[in-house]
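> If you scroll down you'll find the structure; I have some questions about it.
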Amino acid sequence: MDSFTPGFQPPESAEDARYIVLAGDQLLVGDQIPWEPLEKSTWRFADLVPEEQHYLGLYRGAPCYGVKVAADAAPPPGCHWQSLRSLIASSALGASEFSAVSCALQVFNWDRGHQYCGQCGSPTVAHSGERARVCEQCAINYYPRISPCVIMLITRGDECLLARHAQYRSNFYSALAGFIEPGESVENALHREVAEEVSLRVKNLSYFGSQPWPFPGQLMLGFHAEYDSGEIAIDDMEIEDARWWSYRDLPMVPPAGTLSGMLIRHFVDSRSG
């Protein structure tokens with residue numbers, strides 16, 4: 001059970017509040033302890049000036065706030081700035097902590113990107129009753145935008161199909177993934193992405209789980225799928241390489257905290273017993 005629950009209305013008392021502190025897209029992280037939102041006393045003595053603050057929800061029952069400070073702010077003693085991607089890569093975040101940081105990043109990105117109405121250009125104001133920015137001229141509410149994506153691990157007996165994506169500067173081989181297009185079902189998106197990226201057909205789709213992905217605002221929907229037919233032919237645009245890998249001899253794969261890593265680990269566990 002996730003111990004972070006998103007919310008909009010803060011409680012009246014914030015004595016036990018927690019704080020997620022960001023400078024640009026860098027997260028304030030303690031040098032010696034696993035990461036979690038700062039306690040109020042730690043935040044109070046951090047000597048950092050908040051530029052923006054949002055209530056995010058409840059972290060382990062305590063009100064949790066996201067705070068933005070200057071991008072060039074010096075970290076307090078015993079702390080440093082670190083990107084969320086590097087924290088994920090080092091497996092330093094639990095599920096609750098990842099959810100809380102994801103919420104903070106997406107809320108700040110949404111708020112920064114909707115200071116003005118996209119229809120008339122007028123300044124927007126914060127909605128008093130929900131997480132939205134309002135153009136009073138057009139009577140339009142702008143809510144945080146979430147883009148749904150499918151991510152799928154294709155299996156063929158004791159093998160799974162993994163691909164190296166052209167846009168990432170790493171040697172990771174990962175599950176296939178792609179955005180869901182307007183008017184498209186999740187299942188149709190999965191079949192289309194597989195056909196476009198590696199020219200294969202799949203069958204027996206099985207939903208695995210979901211994960212928020214705040215780069216900048218995706219919701220990943222994970223599936224296992226079985227190979228049906230076809231030969232691998234990559235698209236040469238998004239995919240640099242794709243091949244079948246035995247569960248006994250996998251390449252470098254994404255960290256276990258990512259949905260791709262979870263799909264791969266689940267497959268390996270199911271084969272290895």
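For the structure tokens, the naming scheme is as follows: chains receive sequential letters (A, B, ...) according to their order of presentation, residues are indexed from 1 within each chain, and ligands are indexed from 1 in presentation order.
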Select from segment 133-228 of chain A everything DSSP, run on the backbone, classes as alpha helix (DSSP H), then give the selection as a ChimeraX atom specification.

/A:186-198

> For the residues in that selection, give me N, CA and C atoms as a PDB file, in the first residue's frame.


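Okay, again_20.pdb is ready:
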```
ATOM      1  N   VAL A 186      -6.199   1.522 -25.002  1.00  0.00           N
ATOM      2  CA  VAL A 186      -4.900   1.077 -24.495  1.00  0.00           C
ATOM      3  C   VAL A 186      -4.417  -0.129 -25.298  1.00  0.00           C
ATOM      4  N   GLU A 187      -5.318  -1.086 -25.559  1.00  0.00           N
ATOM      5  CA  GLU A 187      -4.934  -2.292 -26.287  1.00  0.00           C
ATOM      6  C   GLU A 187      -4.493  -1.980 -27.712  1.00  0.00           C
ATOM      7  N   ASN A 188      -5.231  -1.110 -28.381  1.00  0.00           N
ATOM      8  CA  ASN A 188      -4.850  -0.744 -29.750  1.00  0.00           C
ATOM      9  C   ASN A 188      -3.512  -0.028 -29.779  1.00  0.00           C
ATOM     10  N   ALA A 189      -3.262   0.812 -28.780  1.00  0.00           N
ATOM     11  CA  ALA A 189      -1.979   1.511 -28.706  1.00  0.00           C
ATOM     12  C   ALA A 189      -0.835   0.519 -28.558  1.00  0.00           C
ATOM     13  N   LEU A 190      -1.026  -0.487 -27.733  1.00  0.00           N
ATOM     14  CA  LEU A 190       0.020  -1.484 -27.537  1.00  0.00           C
ATOM     15  C   LEU A 190       0.331  -2.207 -28.845  1.00  0.00           C
ATOM     16  N   HIS A 191      -0.709  -2.691 -29.526  1.00  0.00           N
ATOM     17  CA  HIS A 191      -0.483  -3.388 -30.793  1.00  0.00           C
ATOM     18  C   HIS A 191       0.184  -2.471 -31.818  1.00  0.00           C
ATOM     19  N   ARG A 192      -0.239  -1.222 -31.890  1.00  0.00           N
ATOM     20  CA  ARG A 192       0.333  -0.289 -32.860  1.00  0.00           C
ATOM     21  C   ARG A 192       1.799  -0.015 -32.573  1.00  0.00           C
ATOM     22  N   GLU A 193       2.132   0.250 -31.310  1.00  0.00           N
ATOM     23  CA  GLU A 193       3.514   0.558 -30.960  1.00  0.00           C
ATOM     24  C   GLU A 193       4.447  -0.608 -31.274  1.00  0.00           C
ATOM     25  N   VAL A 194       4.011  -1.822 -30.964  1.00  0.00           N
ATOM     26  CA  VAL A 194       4.841  -2.994 -31.254  1.00  0.00           C
ATOM     27  C   VAL A 194       5.056  -3.131 -32.757  1.00  0.00           C
ATOM     28  N   ALA A 195       4.000  -2.935 -33.538  1.00  0.00           N
ATOM     29  CA  ALA A 195       4.127  -3.049 -34.995  1.00  0.00           C
ATOM     30  C   ALA A 195       5.028  -1.954 -35.553  1.00  0.00           C
ATOM     31  N   GLU A 196       4.892  -0.726 -35.032  1.00  0.00           N
ATOM     32  CA  GLU A 196       5.691   0.384 -35.544  1.00  0.00           C
ATOM     33  C   GLU A 196       7.168   0.248 -35.183  1.00  0.00           C
ATOM     34  N   GLU A 197       7.451  -0.181 -33.976  1.00  0.00           N
ATOM     35  CA  GLU A 197       8.832  -0.159 -33.495  1.00  0.00           C
ATOM     36  C   GLU A 197       9.633  -1.392 -33.885  1.00  0.00           C
ATOM     37  N   VAL A 198       8.977  -2.570 -33.898  1.00  0.00           N
ATOM     38  CA  VAL A 198       9.744  -3.791 -34.195  1.00  0.00           C
ATOM     39  C   VAL A 198       9.056  -4.714 -35.199  1.00  0.00           C
TER      40      VAL A 198
END
```

> From a DSSP calculation on the backbone, collect every residue of segment 84-187 of chain A in strand (DSSP E or B) and output the set as a PyMOL selection string.

chain A and resi 116+123+125-126+133-135+140-142+147-156+159-165+174+176-179

> Residues at most 7 Å from Ile239 of chain A, counting only C-alpha atoms, excluding those fewer than 3 positions away in the same chain, as a PyMOL selection string?

chain A and resi 163-166+197+234-236

> Could you list, as a list in words, every residue within 12 Å of Leu259 of chain A, counting only C-alpha atoms and ignoring same-chain residues fewer than 6 positions away?

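Residues meeting the cut-off are Ile88, Ala95, Cys149, Val150, Ile151, Met152, Leu153, Ser174, Ala175, Leu176, Ala177, Phe208, Gly209, Ser210, Gln211, Pro212, Trp213, Leu219, Met220, Leu221, Gly222, Phe223, His224, Val253, Arg265 and His266 of chain A.
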
> Save out the residues we just selected, N, CA and C atoms, as a PDB file, in the first residue's frame.


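Dumped everything to selection.pdb:
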```pdb
ATOM      1  N   ILE A  88      16.561   7.340  -8.926  1.00  0.00           N
ATOM      2  CA  ILE A  88      15.914   6.125  -9.414  1.00  0.00           C
ATOM      3  C   ILE A  88      16.963   5.099  -9.821  1.00  0.00           C
ATOM      4  N   ALA A  95       8.613   3.207  -2.919  1.00  0.00           N
ATOM      5  CA  ALA A  95       7.441   3.504  -3.748  1.00  0.00           C
ATOM      6  C   ALA A  95       6.720   4.762  -3.264  1.00  0.00           C
ATOM      7  N   CYS A 149       0.670   6.379 -21.273  1.00  0.00           N
ATOM      8  CA  CYS A 149       1.579   5.626 -22.141  1.00  0.00           C
ATOM      9  C   CYS A 149       1.425   4.137 -21.850  1.00  0.00           C
ATOM     10  N   VAL A 150       1.701   3.320 -22.862  1.00  0.00           N
ATOM     11  CA  VAL A 150       1.783   1.874 -22.651  1.00  0.00           C
ATOM     12  C   VAL A 150       3.248   1.465 -22.642  1.00  0.00           C
ATOM     13  N   ILE A 151       3.569   0.514 -21.797  1.00  0.00           N
ATOM     14  CA  ILE A 151       4.897  -0.088 -21.790  1.00  0.00           C
ATOM     15  C   ILE A 151       4.682  -1.587 -21.703  1.00  0.00           C
ATOM     16  N   MET A 152       5.344  -2.344 -22.584  1.00  0.00           N
ATOM     17  CA  MET A 152       5.021  -3.751 -22.703  1.00  0.00           C
ATOM     18  C   MET A 152       6.274  -4.607 -22.832  1.00  0.00           C
ATOM     19  N   LEU A 153       6.284  -5.721 -22.109  1.00  0.00           N
ATOM     20  CA  LEU A 153       7.352  -6.702 -22.243  1.00  0.00           C
ATOM     21  C   LEU A 153       6.812  -7.876 -23.049  1.00  0.00           C
ATOM     22  N   SER A 174      15.515  -2.005 -22.718  1.00  0.00           N
ATOM     23  CA  SER A 174      14.286  -1.841 -21.954  1.00  0.00           C
ATOM     24  C   SER A 174      13.095  -2.432 -22.707  1.00  0.00           C
ATOM     25  N   ALA A 175      11.952  -2.450 -22.020  1.00  0.00           N
ATOM     26  CA  ALA A 175      10.701  -2.837 -22.668  1.00  0.00           C
ATOM     27  C   ALA A 175      10.277  -1.752 -23.655  1.00  0.00           C
ATOM     28  N   LEU A 176       9.483  -2.124 -24.633  1.00  0.00           N
ATOM     29  CA  LEU A 176       8.950  -1.155 -25.586  1.00  0.00           C
ATOM     30  C   LEU A 176       7.917  -0.274 -24.903  1.00  0.00           C
ATOM     31  N   ALA A 177       7.782   0.963 -25.384  1.00  0.00           N
ATOM     32  CA  ALA A 177       6.817   1.887 -24.774  1.00  0.00           C
ATOM     33  C   ALA A 177       6.406   2.935 -25.793  1.00  0.00           C
ATOM     34  N   PHE A 208      -0.218  -5.524 -16.007  1.00  0.00           N
ATOM     35  CA  PHE A 208       0.716  -5.773 -14.904  1.00  0.00           C
ATOM     36  C   PHE A 208       0.594  -4.727 -13.810  1.00  0.00           C
ATOM     37  N   GLY A 209       0.602  -3.438 -14.173  1.00  0.00           N
ATOM     38  CA  GLY A 209       0.543  -2.376 -13.172  1.00  0.00           C
ATOM     39  C   GLY A 209       0.842  -1.037 -13.801  1.00  0.00           C
ATOM     40  N   SER A 210       0.818   0.012 -12.995  1.00  0.00           N
ATOM     41  CA  SER A 210       1.016   1.359 -13.519  1.00  0.00           C
ATOM     42  C   SER A 210       2.024   2.106 -12.656  1.00  0.00           C
ATOM     43  N   GLN A 211       2.533   3.205 -13.197  1.00  0.00           N
ATOM     44  CA  GLN A 211       3.501   4.029 -12.471  1.00  0.00           C
ATOM     45  C   GLN A 211       3.471   5.454 -13.020  1.00  0.00           C
ATOM     46  N   PRO A 212       3.385   6.457 -12.141  1.00  0.00           N
ATOM     47  CA  PRO A 212       3.556   7.836 -12.628  1.00  0.00           C
ATOM     48  C   PRO A 212       5.002   8.029 -13.062  1.00  0.00           C
ATOM     49  N   TRP A 213       5.195   8.836 -14.084  1.00  0.00           N
ATOM     50  CA  TRP A 213       6.545   9.063 -14.611  1.00  0.00           C
ATOM     51  C   TRP A 213       6.668  10.555 -14.918  1.00  0.00           C
ATOM     52  N   LEU A 219       1.701   8.778 -17.327  1.00  0.00           N
ATOM     53  CA  LEU A 219       1.233   7.667 -16.515  1.00  0.00           C
ATOM     54  C   LEU A 219       1.497   6.414 -17.326  1.00  0.00           C
ATOM     55  N   MET A 220       2.435   5.587 -16.847  1.00  0.00           N
ATOM     56  CA  MET A 220       2.835   4.384 -17.565  1.00  0.00           C
ATOM     57  C   MET A 220       1.901   3.235 -17.189  1.00  0.00           C
ATOM     58  N   LEU A 221       1.360   2.553 -18.199  1.00  0.00           N
ATOM     59  CA  LEU A 221       0.477   1.404 -18.010  1.00  0.00           C
ATOM     60  C   LEU A 221       1.208   0.174 -18.524  1.00  0.00           C
ATOM     61  N   GLY A 222       1.567  -0.741 -17.621  1.00  0.00           N
ATOM     62  CA  GLY A 222       2.441  -1.846 -17.965  1.00  0.00           C
ATOM     63  C   GLY A 222       1.700  -3.127 -18.299  1.00  0.00           C
ATOM     64  N   PHE A 223       2.193  -3.829 -19.330  1.00  0.00           N
ATOM     65  CA  PHE A 223       1.591  -5.078 -19.787  1.00  0.00           C
ATOM     66  C   PHE A 223       2.668  -6.121 -20.091  1.00  0.00           C
ATOM     67  N   HIS A 224       2.310  -7.373 -19.894  1.00  0.00           N
ATOM     68  CA  HIS A 224       3.023  -8.482 -20.512  1.00  0.00           C
ATOM     69  C   HIS A 224       2.247  -8.867 -21.777  1.00  0.00           C
ATOM     70  N   VAL A 253      19.670  -3.641 -17.833  1.00  0.00           N
ATOM     71  CA  VAL A 253      18.254  -3.277 -17.908  1.00  0.00           C
ATOM     72  C   VAL A 253      17.967  -2.154 -16.920  1.00  0.00           C
ATOM     73  N   ARG A 265      11.840  -8.046 -14.162  1.00  0.00           N
ATOM     74  CA  ARG A 265      12.079  -8.876 -12.978  1.00  0.00           C
ATOM     75  C   ARG A 265      10.970  -9.895 -12.792  1.00  0.00           C
ATOM     76  N   HIS A 266       9.723  -9.489 -13.025  1.00  0.00           N
ATOM     77  CA  HIS A 266       8.604 -10.418 -12.883  1.00  0.00           C
ATOM     78  C   HIS A 266       8.741 -11.573 -13.866  1.00  0.00           C
TER      79      HIS A 266
END
```

> Wanna dump the segment 88-169 of chain A-segment 2-25 of chain A contacts at 12 Å for me, each residue with its shortest atom pair and the distance in Å to one decimal, counting only C-alpha atoms, ordered by chain and number, as a Markdown table?


```
| residue | atom | partner | partner_atom | distance |
| --- | --- | --- | --- | --- |
| A:Gly94 | CA | A:Asp2 | CA | 9.5 |
| A:Ala95 | CA | A:Asp2 | CA | 6.6 |
| A:Ser96 | CA | A:Ser3 | CA | 5.2 |
| A:Glu97 | CA | A:Phe4 | CA | 7.5 |
| A:Phe98 | CA | A:Phe4 | CA | 9.1 |
| A:Ser99 | CA | A:Phe4 | CA | 6.6 |
| A:Ala100 | CA | A:Phe4 | CA | 6.1 |
| A:Val101 | CA | A:Ile20 | CA | 7.1 |
| A:Ser102 | CA | A:Pro6 | CA | 10.4 |
| A:Cys103 | CA | A:Pro6 | CA | 7.4 |
| A:Ala104 | CA | A:Ile20 | CA | 7.4 |
| A:Leu105 | CA | A:Asp25 | CA | 7.6 |
| A:Gln106 | CA | A:Asp25 | CA | 10.7 |
| A:Val107 | CA | A:Phe8 | CA | 10.7 |
| A:Phe108 | CA | A:Leu22 | CA | 9.7 |
| A:Asn109 | CA | A:Asp25 | CA | 9.7 |
| A:Arg112 | CA | A:Gly24 | CA | 11.6 |
| A:Ala126 | CA | A:Phe8 | CA | 11.8 |
| A:His127 | CA | A:Phe8 | CA | 10.6 |
| A:Ser128 | CA | A:Gln9 | CA | 9.5 |
| A:Gly129 | CA | A:Gln9 | CA | 7.9 |
| A:Glu130 | CA | A:Phe8 | CA | 6.3 |
| A:Arg131 | CA | A:Phe8 | CA | 6.1 |
| A:Ala132 | CA | A:Phe8 | CA | 9.8 |
```
